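Here the structure is laid out as structure tokens; the discussion comes afterwards.
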Amino acid sequence: MSRSSATPSATAALFPGQGVSLAGGRELVEQLCPQPYERCCELLGEDPFERAAQSTRFAQPAIFLSSIAGWRALEDSSDALGDSRGGADPRGAALAGHSLGELSALTAASVFALEDALALVVLRGALMADAAERHRGGGMLAILKGTPADAESLARAHGVEVANDNAPGQTILSGDRSALEDAAADARERGLRAMRLDVTGAFHSRAMQSACEPFLDALATVELAEPRVPVYSSMTAAPFRDVRAELAQALVRPVRWRETMLALHAAGARRFLDVGPDRVLARLVDRNVADSEALVGSELAAEVSDGVHA
């Protein structure tokens, strides 16, 4: 299942994963996604926004709902936004998601029904939280400065794994915290910066292996539709070909975000729209594709609601 490319000078819409601020997210979800929000609370037995900072079990559904609400805000104002941006559909001629954001992007592209995607997100968060609890002592470490090869060298030297290649000078390692501490000390000796991330597990590493099979089983029960536009996998840095297999494998494989951005750029994308919440992916645009424009969905939607057309 794939559509091969974006159109020249197109907009690529980007959907975030974990590590974003949820400030204002619940209010937007209550306004634009009240029924999915209610269903999510039923599936979890509580409000995901209340405990999003405590566990990936709650953070993932909260981020997914916030992203879908942001997407709906853009859909509501798409005609006006297109006029203000030279007639191009600002919602994207291609879509991509960072880790969890892949499920948001596939939902926005109509591959998943929203109710099915929400159930998958709730399950994904629970499976990853359970895997992290089985492998207590796991964590993640940001290596700042240096090259992907530097990060790979540190990973090999200390028995950890590269989890995210986000941008030049920003690579994330995943593994046991004790090994990550050694990797951090080594990185600093090499003149690099190292920063421990405030996460509860070694995500995108072999520590998540127990989550793969049950997640694939759940994906097998869900109907898929053809995407309305190309959706790029951040595991392969190419349009999805086997959605179920790639989503399951992505739990233990690195997020190749830098390469995904370069692939979108090579396919013709010159505007990159961070659907949100937060501006995390917008900030990565300039670091990966300097000759492109970074837009923030919430700000564009606010322009329209305020009657401002730049």
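Labels used: A, B, ... for chains in the order of the structure tokens, numbers from 1 for residues in each chain, and numbers from 1 for ligands as shown.
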Find the residues around Val252 in chain A up to 8 Å (only C-alpha atoms counted), leave out those fewer than 3 positions away in its own chain, and share them as an NGL selection string.
:A and (203-209 or 212 or 249)
Surrounding residues of Gly191 in chain A excluding itself and chain neighbours under 2 positions, 12 Å, only C-alpha atoms, as an MDAnalysis selection string:
chainID A and resid 143:147 150 184:189 193:194
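For Tyr232 in chain A, the list of residues within 9 Å, based on only C-alpha atoms and with local chain neighbours fewer than 2 positions off taken out, reads Ser2, Ala94, Leu95, Ala96, Gly97, Glu102, Ala105, Pro230, Ser234, Met235, Thr236, Ala237, Ala238, Pro239, Phe240, Thr260, Ala263 and Leu264 of chain A.
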Looking only at strand (DSSP E or B) from DSSP on the backbone, list the matching residues of range 171-248 of chain A as JSON, numbers by chain.
{"A": [171, 172, 173, 174, 175, 176, 193, 194, 195, 196, 231, 232, 233, 238, 239]}
Give me the range 97-154 of chain A side of the contact with range 57-78 of chain A, cut-off 12 Å, one line per residue showing its nearest atom pair and distance in Å at one decimal, counting only C-alpha atoms, sorted by chain and residue number, as a tab-separated table.
residue	atom	partner	partner_atom	distance
A:Gly97	CA	A:Ser67	CA	10.4
A:His98	CA	A:Phe64	CA	11.5
A:Ser99	CA	A:Gln60	CA	10.3
A:Leu100	CA	A:Gln60	CA	7.1
A:Gly101	CA	A:Phe64	CA	7.2
A:Glu102	CA	A:Phe64	CA	9.8
A:Leu103	CA	A:Phe64	CA	7.9
A:Ser104	CA	A:Phe64	CA	6.1
A:Ala105	CA	A:Ile68	CA	8.8
A:Leu106	CA	A:Ile68	CA	10.7
A:Thr107	CA	A:Ile68	CA	8.2
A:Ala108	CA	A:Trp71	CA	7.3
A:Ala109	CA	A:Trp71	CA	10.6
A:Ser110	CA	A:Ile68	CA	11.8
A:Ala113	CA	A:Ile68	CA	11.9
A:Leu114	CA	A:Ile68	CA	8.9
A:Glu115	CA	A:Leu65	CA	11.1
A:Ala117	CA	A:Phe64	CA	9.1
A:Leu118	CA	A:Pro61	CA	7.2
A:Ala119	CA	A:Pro61	CA	9.0
A:Leu120	CA	A:Pro61	CA	9.4
A:Val121	CA	A:Pro61	CA	5.9
A:Val122	CA	A:Pro61	CA	5.8
A:Leu123	CA	A:Arg57	CA	8.3
A:Arg124	CA	A:Arg57	CA	7.9
A:Gly125	CA	A:Arg57	CA	4.2
A:Ala126	CA	A:Arg57	CA	4.8
A:Leu127	CA	A:Arg57	CA	8.0
A:Met128	CA	A:Arg57	CA	7.4
A:Ala129	CA	A:Arg57	CA	5.7
A:Asp130	CA	A:Arg57	CA	8.6
A:Ala131	CA	A:Arg57	CA	11.0
A:Ala132	CA	A:Arg57	CA	10.5
A:Glu133	CA	A:Arg57	CA	11.3
Pick out the residues sitting within 10 Å of Asp47 in chain A, and hand them over as an MDAnalysis selection string; count only C-alpha atoms, and ignore anything fewer than 5 positions along from it in its own chain.
chainID A and resid 26 37:38 40:42 52 58 61:62
Shell around range 157-165 of chain A at 8 Å using only C-alpha atoms, local window under 5 positions removed, as a count of residues only
23
